[in-house]
file target26.csv (CSV, C-alpha atoms and all ligand atoms)
chain,number,residue,atom,x,y,z
A,26,MET,CA,27.9,81.0,40.5
A,27,LYS,CA,28.7,77.3,40.7
A,28,VAL,CA,31.0,75.5,38.3
A,29,LEU,CA,31.3,71.7,38.1
A,30,LEU,CA,34.7,70.4,37.0
A,31,TYR,CA,35.7,67.0,35.7
A,32,ILE,CA,39.3,66.8,34.6
A,33,PRO,CA,40.7,63.3,34.7
A,34,SER,CA,44.3,64.2,34.1
A,35,LYS,CA,47.5,64.1,36.2
A,36,ASN,CA,47.5,67.8,36.4
A,37,ALA,CA,43.9,68.2,37.6
A,38,ASP,CA,45.1,70.4,40.5
A,39,GLU,CA,46.7,72.8,38.0
A,40,TRP,CA,43.4,73.1,36.2
A,41,HIS,CA,41.4,73.6,39.4
A,42,ALA,CA,43.9,76.3,40.5
A,43,ALA,CA,43.7,78.0,37.1
A,44,PHE,CA,39.8,78.1,37.3
A,45,ALA,CA,40.0,79.4,40.8
A,46,ARG,CA,42.2,82.3,39.6
A,47,ALA,CA,40.2,83.0,36.5
A,48,LEU,CA,36.8,82.9,38.3
A,49,PRO,CA,37.6,84.1,41.9
A,50,LYS,CA,33.9,84.6,42.8
A,51,ALA,CA,32.8,81.2,41.6
A,52,GLU,CA,32.2,78.1,43.7
A,53,LEU,CA,34.1,75.3,42.1
A,54,ARG,CA,33.6,71.6,42.7
A,55,ALA,CA,35.2,68.5,41.3
A,56,TRP,CA,32.5,66.0,40.1
A,57,ALA,CA,32.1,62.8,42.2
A,58,PRO,CA,29.4,60.2,42.0
A,59,GLY,CA,26.6,60.7,44.5
A,60,PRO,CA,24.0,63.4,45.1
A,61,VAL,CA,23.7,66.0,42.3
A,62,TRP,CA,25.4,69.3,42.9
A,63,GLN,CA,23.3,71.8,40.9
A,64,ALA,CA,25.7,73.9,38.9
A,65,ASP,CA,25.5,76.9,36.6
A,66,TYR,CA,28.3,75.7,34.3
A,67,ALA,CA,30.2,72.5,33.8
A,68,ALA,CA,33.7,72.1,32.3
A,69,PHE,CA,35.1,68.7,31.5
A,70,TRP,CA,37.2,66.3,29.3
A,71,TYR,CA,36.5,62.6,28.8
A,72,PRO,CA,33.3,62.9,30.9
A,73,PRO,CA,31.6,59.9,32.6
A,74,ARG,CA,28.2,59.1,31.2
A,75,GLU,CA,26.4,60.4,34.3
A,76,LEU,CA,28.3,63.7,34.6
A,77,LEU,CA,25.4,66.0,33.7
A,78,ASP,CA,22.5,63.7,34.9
A,79,GLY,CA,20.0,65.6,37.1
A,80,GLN,CA,21.5,69.0,36.3
A,81,THR,CA,18.5,71.3,35.9
A,82,ARG,CA,19.9,74.8,35.8
A,83,LEU,CA,23.0,74.4,33.7
A,84,LYS,CA,23.6,77.5,31.4
A,85,ALA,CA,26.4,75.9,29.4
A,86,ALA,CA,28.7,72.9,29.2
A,87,PHE,CA,32.3,73.4,28.3
A,88,ASN,CA,34.3,70.7,26.5
A,89,LEU,CA,38.0,71.2,27.4
A,90,GLY,CA,39.2,70.1,24.0
A,91,ALA,CA,38.6,71.1,20.4
A,92,GLY,CA,37.0,67.8,19.3
A,93,VAL,CA,33.7,66.7,20.8
A,94,ASP,CA,33.4,63.2,19.4
A,95,GLY,CA,34.4,61.6,22.7
A,96,THR,CA,32.0,63.8,24.7
A,97,LEU,CA,29.1,63.2,22.4
A,98,LYS,CA,29.7,59.5,22.6
A,99,ALA,CA,30.0,59.5,26.4
A,100,LEU,CA,27.0,61.6,27.4
A,101,THR,CA,23.8,63.4,26.5
A,102,VAL,CA,23.9,67.1,26.9
A,103,PRO,CA,20.7,68.2,28.6
A,104,PRO,CA,18.2,69.7,26.1
A,105,GLY,CA,18.7,73.5,25.6
A,106,VAL,CA,22.2,73.5,27.2
A,107,PRO,CA,24.8,74.8,24.7
A,108,LEU,CA,27.9,72.6,24.4
A,109,VAL,CA,30.9,74.9,23.9
A,110,ARG,CA,34.3,73.6,22.7
A,111,LEU,CA,37.8,75.0,22.8
A,112,GLU,CA,38.7,77.2,19.8
A,113,ASP,CA,42.4,77.1,19.3
A,114,ALA,CA,43.3,78.1,22.9
A,115,GLY,CA,47.0,77.7,22.2
A,116,MET,CA,46.7,74.6,20.0
A,117,GLY,CA,46.9,76.5,16.7
A,118,PRO,CA,50.6,77.3,16.9
A,119,GLN,CA,51.4,73.7,17.9
A,120,MET,CA,49.4,72.3,14.9
A,121,GLU,CA,51.2,74.7,12.6
A,122,GLU,CA,54.6,73.5,13.8
A,123,TYR,CA,53.7,69.8,13.7
A,124,VAL,CA,52.2,69.9,10.2
A,125,GLY,CA,54.8,72.3,8.9
A,126,TRP,CA,57.5,70.0,10.1
A,127,ALA,CA,55.8,66.9,8.6
A,128,VAL,CA,55.4,68.6,5.2
A,129,LEU,CA,59.1,69.8,5.2
A,130,ARG,CA,60.3,66.4,6.3
A,131,TYR,CA,58.6,64.8,3.2
A,132,PHE,CA,59.5,67.6,0.8
A,133,ARG,CA,63.2,67.5,1.8
A,134,ARG,CA,63.0,63.6,2.0
A,135,PHE,CA,64.4,63.5,5.5
A,136,ASP,CA,62.3,60.4,6.0
A,137,ASP,CA,64.3,58.7,3.2
A,138,TYR,CA,67.6,60.0,4.5
A,139,ALA,CA,66.8,58.6,8.0
A,140,GLY,CA,66.2,55.2,6.4
A,141,GLN,CA,69.5,55.5,4.4
A,142,GLN,CA,71.4,56.4,7.6
A,143,ALA,CA,70.2,53.2,9.2
A,144,ARG,CA,71.7,51.3,6.2
A,145,ALA,CA,74.8,53.5,5.9
A,146,GLU,CA,73.7,54.4,2.4
A,147,TRP,CA,75.1,57.5,0.8
A,148,LYS,CA,72.6,58.7,-1.9
A,149,VAL,CA,71.4,62.1,-2.8
A,150,HIS,CA,67.8,62.6,-4.0
A,151,ARG,CA,67.0,65.1,-6.7
A,152,PRO,CA,65.5,68.3,-5.3
A,153,ARG,CA,61.7,68.9,-5.6
A,154,ARG,CA,60.0,72.1,-6.5
A,155,HIS,CA,57.5,73.7,-4.1
A,156,GLU,CA,55.0,74.4,-6.9
A,157,SER,CA,54.7,70.6,-7.6
A,158,PHE,CA,54.2,69.8,-4.0
A,159,THR,CA,50.6,70.8,-3.3
A,160,VAL,CA,49.4,70.4,0.3
A,161,GLY,CA,45.7,69.6,0.8
A,162,VAL,CA,44.1,70.4,4.1
A,163,MET,CA,40.9,68.6,4.9
A,164,GLY,CA,38.9,70.7,7.4
A,165,LEU,CA,39.3,74.5,7.1
A,166,GLY,CA,38.0,75.3,10.6
A,167,VAL,CA,39.8,77.1,13.4
A,168,LEU,CA,42.8,74.8,13.3
A,169,GLY,CA,42.7,73.8,9.6
A,170,ALA,CA,42.7,77.4,8.4
A,171,ARG,CA,45.6,78.3,10.6
A,172,VAL,CA,47.6,75.3,9.3
A,173,ALA,CA,46.7,76.1,5.7
A,174,ARG,CA,48.1,79.6,6.1
A,175,ALA,CA,51.2,78.4,7.8
A,176,VAL,CA,52.0,75.8,5.1
A,177,ARG,CA,51.3,78.5,2.5
A,178,ALA,CA,53.9,80.7,4.2
A,179,LEU,CA,56.4,77.9,3.8
A,180,GLY,CA,56.0,78.4,0.0
A,181,PHE,CA,53.8,75.4,-0.9
A,182,PRO,CA,50.6,75.6,-2.9
A,183,VAL,CA,47.7,74.8,-0.5
A,184,TRP,CA,44.3,73.5,-1.3
A,185,GLY,CA,41.6,73.2,1.3
A,186,TRP,CA,38.5,71.0,1.6
A,187,SER,CA,35.5,71.7,3.9
A,188,ALA,CA,31.8,71.0,4.1
A,189,SER,CA,30.8,74.5,3.0
A,190,ALA,CA,33.0,76.6,0.7
A,191,LYS,CA,35.6,78.5,2.8
A,192,SER,CA,37.7,81.5,1.8
A,193,VAL,CA,41.2,81.4,3.2
A,194,GLU,CA,43.7,83.8,1.6
A,195,GLY,CA,46.0,81.9,-0.8
A,196,VAL,CA,44.2,78.6,-0.4
A,197,ARG,CA,42.3,77.1,-3.3
A,198,PRO,CA,38.9,76.0,-1.9
A,199,PHE,CA,37.0,72.8,-2.5
A,200,ALA,CA,33.8,71.8,-0.8
A,201,GLY,CA,31.5,68.8,-0.3
A,202,ALA,CA,31.5,65.3,-1.5
A,203,THR,CA,31.3,66.2,-5.2
A,204,GLU,CA,34.6,68.2,-5.1
A,205,LEU,CA,36.5,65.6,-3.1
A,206,PRO,CA,37.8,63.5,-5.9
A,207,ALA,CA,39.3,66.5,-7.7
A,208,PHE,CA,40.8,67.8,-4.5
A,209,LEU,CA,42.4,64.4,-3.7
A,210,ALA,CA,43.8,63.9,-7.2
A,211,GLY,CA,45.7,67.2,-7.1
A,212,ILE,CA,47.6,67.1,-3.8
A,213,GLN,CA,50.9,65.5,-2.8
A,214,VAL,CA,50.3,65.7,1.0
A,215,LEU,CA,46.9,65.2,2.6
A,216,VAL,CA,46.6,66.9,6.0
A,217,CYS,CA,43.5,65.8,8.0
A,218,LEU,CA,42.0,68.3,10.4
A,219,LEU,CA,38.4,67.1,10.2
A,220,PRO,CA,36.3,66.4,13.2
A,221,LEU,CA,35.2,62.8,13.7
A,222,THR,CA,31.4,62.7,13.0
A,223,PRO,CA,29.0,60.2,11.5
A,224,ASP,CA,29.8,61.8,8.1
A,225,THR,CA,33.6,61.7,8.4
A,226,ALA,CA,34.1,58.3,10.2
A,227,GLY,CA,36.2,56.1,7.9
A,228,LEU,CA,36.4,58.8,5.2
A,229,LEU,CA,40.1,58.1,4.6
A,230,ASN,CA,39.8,54.6,3.1
A,231,ARG,CA,41.0,52.7,0.1
A,232,THR,CA,38.8,54.5,-2.3
A,233,THR,CA,39.5,58.1,-1.2
A,234,LEU,CA,43.2,57.5,-0.4
A,235,GLY,CA,43.6,55.6,-3.7
A,236,LYS,CA,42.6,58.8,-5.5
A,237,LEU,CA,45.7,60.6,-4.2
A,238,PRO,CA,48.5,60.6,-6.8
A,239,ARG,CA,51.0,57.8,-6.5
A,240,GLY,CA,53.8,58.7,-4.0
A,241,ALA,CA,51.5,61.0,-1.9
A,242,TYR,CA,51.8,61.4,1.8
A,243,VAL,CA,49.2,61.5,4.6
A,244,VAL,CA,49.3,63.5,7.8
A,245,ASN,CA,46.5,62.7,10.3
A,246,VAL,CA,46.3,65.0,13.3
A,247,ALA,CA,42.5,64.9,13.7
A,248,ARG,CA,41.1,61.6,15.0
A,249,GLY,CA,42.0,57.9,14.3
A,250,GLY,CA,38.4,57.0,13.4
A,251,LEU,CA,38.7,59.0,10.2
A,252,VAL,CA,41.2,56.4,8.8
A,253,VAL,CA,40.5,52.8,7.9
A,254,ASP,CA,43.8,51.4,9.2
A,255,GLU,CA,44.0,48.3,6.9
A,256,ASP,CA,43.4,50.4,3.8
A,257,LEU,CA,46.1,52.9,4.7
A,258,LEU,CA,48.5,50.1,5.4
A,259,ALA,CA,47.7,48.3,2.1
A,260,LEU,CA,48.3,51.5,0.2
A,261,LEU,CA,51.6,52.1,2.0
A,262,ASP,CA,52.6,48.4,1.4
A,263,ASP,CA,52.0,48.6,-2.4
A,264,GLY,CA,53.8,51.9,-2.7
A,265,HIS,CA,50.8,54.0,-3.7
A,266,LEU,CA,51.4,56.1,-0.6
A,267,ALA,CA,55.0,57.1,0.2
A,268,GLY,CA,54.4,57.8,3.9
A,269,ALA,CA,52.1,58.6,6.7
A,270,THR,CA,52.5,60.8,9.8
A,271,LEU,CA,50.0,59.7,12.4
A,272,ASP,CA,49.2,61.4,15.7
A,273,VAL,CA,45.8,59.9,16.4
A,274,PHE,CA,44.5,56.3,16.4
A,275,ARG,CA,41.3,54.4,16.7
A,276,GLU,CA,42.5,52.9,20.0
A,277,GLU,CA,44.7,55.1,22.2
A,278,PRO,CA,47.2,54.2,23.5
A,279,LEU,CA,48.0,52.4,20.2
A,280,PRO,CA,48.2,48.7,21.0
A,281,ALA,CA,51.8,47.5,20.9
A,282,SER,CA,50.8,44.8,18.3
A,283,HIS,CA,49.5,47.3,15.8
A,284,ARG,CA,51.4,47.4,12.5
A,285,PHE,CA,51.7,51.2,12.5
A,286,TRP,CA,54.4,50.9,15.2
A,287,SER,CA,56.8,49.0,13.0
A,288,HIS,CA,55.9,50.1,9.5
A,289,PRO,CA,58.9,51.7,7.8
A,290,ARG,CA,56.8,54.3,6.1
A,291,VAL,CA,54.9,55.4,9.2
A,292,PHE,CA,56.0,58.0,11.6
A,293,LEU,CA,53.8,58.2,14.7
A,294,THR,CA,53.4,60.3,17.8
A,295,PRO,CA,51.2,59.7,20.9
A,296,HIS,CA,48.3,62.2,20.3
A,297,CYS,CA,50.5,65.2,21.1
A,298,SER,CA,50.4,67.3,17.9
A,299,ALA,CA,48.6,70.0,19.8
A,300,LEU,CA,48.3,69.6,23.6
A,301,THR,CA,45.7,71.5,25.6
A,302,MET,CA,47.2,74.5,27.3
A,303,VAL,CA,45.8,75.0,30.8
A,304,GLU,CA,46.1,78.8,31.1
A,305,ASP,CA,44.8,79.5,27.6
A,306,SER,CA,41.9,77.1,27.8
A,307,VAL,CA,40.8,78.3,31.3
A,308,ALA,CA,41.1,81.9,30.2
A,309,GLN,CA,38.9,81.1,27.1
A,310,VAL,CA,36.3,79.3,29.1
A,311,ALA,CA,36.2,81.9,31.9
A,312,GLY,CA,35.9,84.7,29.3
A,313,LYS,CA,32.9,82.9,27.7
A,314,ILE,CA,31.3,82.3,31.1
A,315,GLU,CA,31.6,86.0,31.8
A,316,ARG,CA,30.0,86.8,28.4
A,317,LEU,CA,27.1,84.5,29.1
A,318,GLU,CA,26.6,86.0,32.5
A,319,ARG,CA,26.3,89.4,30.8
A,320,GLY,CA,23.8,87.9,28.3
A,321,GLN,CA,26.3,88.1,25.4
A,322,PRO,CA,26.7,85.5,22.7
A,323,VAL,CA,29.7,83.2,22.6
A,324,THR,CA,31.4,81.3,19.7
A,325,GLY,CA,32.4,77.7,19.7
A,326,ILE,CA,28.9,76.3,20.3
A,327,VAL,CA,28.7,72.8,18.9
A,328,ASP,CA,26.0,71.9,16.4
A,329,LEU,CA,24.8,68.6,17.9
A,330,GLU,CA,23.1,67.5,14.7
A,331,ARG,CA,26.4,67.8,12.7
A,332,GLY,CA,28.5,66.6,15.6
A,333,TYR,CA,31.1,69.4,15.5
B,1,LIG,P1,36.4,73.1,13.5
B,1,LIG,O1,35.0,72.7,13.9
B,1,LIG,O2,36.7,74.6,13.6
B,1,LIG,O3,36.6,72.8,11.9
B,1,LIG,C1,36.1,71.7,11.3
B,1,LIG,C2,36.3,71.8,9.8
B,1,LIG,O4,35.9,70.5,9.2
B,1,LIG,C3,35.4,72.8,9.2
B,1,LIG,O5,36.0,73.5,8.1
B,1,LIG,C4,34.2,71.9,8.6
B,1,LIG,O6,33.6,72.5,7.4
B,1,LIG,C5,35.0,70.7,8.2
B,1,LIG,N1,34.1,69.5,8.1
B,1,LIG,C6,33.3,69.0,9.1
B,1,LIG,N2,32.6,67.9,8.6
B,1,LIG,C7,32.9,67.9,7.3
B,1,LIG,C8,32.5,67.0,6.2
B,1,LIG,N3,31.6,66.0,6.4
B,1,LIG,N4,33.0,67.2,5.0
B,1,LIG,C9,33.9,68.2,4.7
B,1,LIG,N5,34.3,69.1,5.7
B,1,LIG,C10,33.9,68.9,7.0
B,1,LIG,O7,37.4,72.2,14.2
B,1,LIG,P2,39.0,72.6,14.7
B,1,LIG,O8,39.7,73.1,13.5
B,1,LIG,O9,38.9,73.3,15.9
B,1,LIG,O10,39.5,71.1,15.0
B,1,LIG,C11,39.5,70.0,14.1
B,1,LIG,C12,39.7,68.7,14.7
B,1,LIG,O11,41.1,68.6,15.1
B,1,LIG,C13,38.9,68.5,16.0
B,1,LIG,O12,37.6,68.1,15.8
B,1,LIG,C14,39.8,67.4,16.7
B,1,LIG,O13,39.3,66.2,16.4
B,1,LIG,C15,41.2,67.6,16.1
B,1,LIG,N6,42.2,68.0,17.1
B,1,LIG,C16,43.2,67.1,17.3
B,1,LIG,C17,44.2,67.5,18.2
B,1,LIG,C18,45.4,66.6,18.4
B,1,LIG,O14,46.1,66.8,19.4
B,1,LIG,N7,45.7,65.7,17.6
B,1,LIG,C19,44.1,68.7,19.0
B,1,LIG,C20,43.0,69.5,18.6
B,1,LIG,C21,42.0,69.2,17.7
B,1,LIG,P3,32.7,73.8,7.5
B,1,LIG,O15,33.8,74.9,7.8
B,1,LIG,O16,32.1,74.0,6.2
B,1,LIG,O17,31.8,73.6,8.7
B,2,LIG,C1,41.3,68.0,21.2
B,2,LIG,C2,42.4,67.1,21.3
B,2,LIG,O1,40.4,67.7,20.4
B,2,LIG,O2,43.2,67.3,22.2
B,2,LIG,O3,41.4,69.1,21.8
B,2,LIG,O4,42.5,66.1,20.6

call {"tool": "encode", "arguments": {"input": "target26.csv", "output": "structure tokens"}}
result
Amino acid sequence: MKVLLYIPSKNADEWHAAFARALPKAELRAWAPGPVWQADYAAFWYPPRELLDGQTRLKAAFNLGAGVDGTLKALTVPPGVPLVRLEDAGMGPQMEEYVGWAVLRYFRRFDDYAGQQARAEWKVHRPRRHESFTVGVMGLGVLGARVARAVRALGFPVWGWSASAKSVEGVRPFAGATELPAFLAGIQVLVCLLPLTPDTAGLLNRTTLGKLPRGAYVVNVARGGLVVDEDLLALLDDGHLAGATLDVFREEPLPASHRFWSHPRVFLTPHCSALTMVEDSVAQVAGKIERLERGQPVTGIVDLERGY
């Protein structure tokens, strides 16, 4: 079995070694421009446009990340070849921690206290009640459902919004465009875990974010393209939104001149809310390759029409 790899990261050697351990009988090759090396499987992240050109016997293509927006923008998957993405693969617990921390930070007003410390200002804010601090999770997929459960376990009411109605224990479900306004109007923290697709690009804009109650917070751990930056900044500037925690941006690295860097109500991190775990990811991909070799079905196949 031949497996083509394209992993443009500093720890590419670690990935290659992990694949060699997980698939000891496979012939592995790092992609390089030039004559096509016909492979049975390909696994990649941030692929170059020509990565799969000329591949005629590929059985599956593995995206080494949960989101496939970058891959679908970069290349065309050969017809009939399933594109399989990572499902959790160790990212779920990290997302739970990141979002749980962001929600608690706002709930306990640690953002305000940090500002006060910078001004040597001694002022105690009145306590809030969990039941009046509803957290809304947009996207109730593999990661969103985990995050919703984790935030629920912290004692907050949780609402969830997805394309089709989803049942997650303890989470009030909303689905589709018609239920979006009611969802937004009832939440104090919006957590975005939607994929970036033609349907969701720019979804968090002045109109939608303006439907959140005054003083609400936004946590975006999905993709920067979901947010219209200027609209978010305008709503933060006029006080409609009380804060935003942003892990992802339209342009990454975020340009030094971007207002997000210096905005007093923005807390940002460099796309690290859930990092890809080499061992977990390779084990998942290798397990799926073995299933496919045995003629068994696998989960995580991307619907190319929907874009996720
Ligand atoms: P899934 O595909 O499992 O879940 C996607 C969810 O979004 C589903 O519930 C789906 O609804 C919903 N959805 C999709 N389109 C729409 C729409 N138009 N309207 C309403 N709901 C919609 O994805 P994951 O949970 O695995 O990952 C989510 C995203 O998180 C990834 O696409 C990626 O961009 C991002 N991510 C970010 C990371 C980071 O480090 N910042 C790390 C990992 C992922 P339905 O269930 O009805 O299909
Ligand atoms: C992913 C990511 O989609 O790292 O996996 O953002």

call {"tool": "closest_residue", "arguments": {"input": "target26.csv", "among": "A:Ala259, A:Ala67, A:Ala207, A:Ala91", "to": "ligand LIG 2 (chain B)", "atoms": "all atoms listed in the file"}}
result
A:Ala91

call {"tool": "residues_near_ligand", "arguments": {"input": "target26.csv", "ligand": "ligand LIG 1 (chain B)", "cutoff": "6 Å", "atoms": "all atoms listed in the file", "output": "ChimeraX atom specification"}}
result
/A:91-92,112,164-169,187-189,201,218-221,224-225,246-248,272-273,296-300,333

call {"tool": "closest_residue", "arguments": {"input": "target26.csv", "among": "A:Lys50, A:Lys98, A:Arg316, A:Arg110", "to": "ligand LIG 2 (chain B)", "atoms": "only C-alpha atoms and all ligand atoms"}}
result
A:Arg110

call {"tool": "closest_residue", "arguments": {"input": "target26.csv", "among": "A:Leu215, A:Lys313, A:Arg171, A:Val253", "to": "Asp113 of chain A", "atoms": "only C-alpha atoms"}}
result
A:Arg171

call {"tool": "atom_distance", "arguments": {"input": "target26.csv", "atom1": "atom CA of Gly59 of chain A", "atom2": "atom CA of Thr81 of chain A"}}
result
15.9 Å

call {"tool": "residues_around", "arguments": {"input": "target26.csv", "residues": "Gly115 of chain A", "least_positions_apart": "6", "cutoff": "8 Å", "atoms": "only C-alpha atoms", "output": "PyMOL selection string"}}
result
chain A and resi 301-302+305-306

call {"tool": "closest_residue", "arguments": {"input": "target26.csv", "among": "A:Ala269, A:Val216, A:Ala173, A:Trp56", "to": "Pro198 of chain A", "atoms": "all atoms listed in the file"}}
result
A:Ala173

call {"tool": "closest_residue", "arguments": {"input": "target26.csv", "among": "A:Val252, A:Leu89, A:Ala68, A:Val162", "to": "ligand LIG 2 (chain B)", "atoms": "only C-alpha atoms and all ligand atoms"}}
result
A:Leu89

call {"tool": "axis_aligned_box", "arguments": {"input": "target26.csv", "around": "ligand LIG 2 (chain B)", "padding_each_side": "4 Å", "output": "JSON"}}
result
{"center_x": 41.8, "center_y": 67.6, "center_z": 21.3, "size_x": 10.8, "size_y": 11.0, "size_z": 9.8}

call {"tool": "closest_residue", "arguments": {"input": "target26.csv", "among": "A:Gly161, A:Glu315, A:Ala178, A:Ala281", "to": "Tyr66 of chain A", "atoms": "all atoms listed in the file"}}
result
A:Glu315
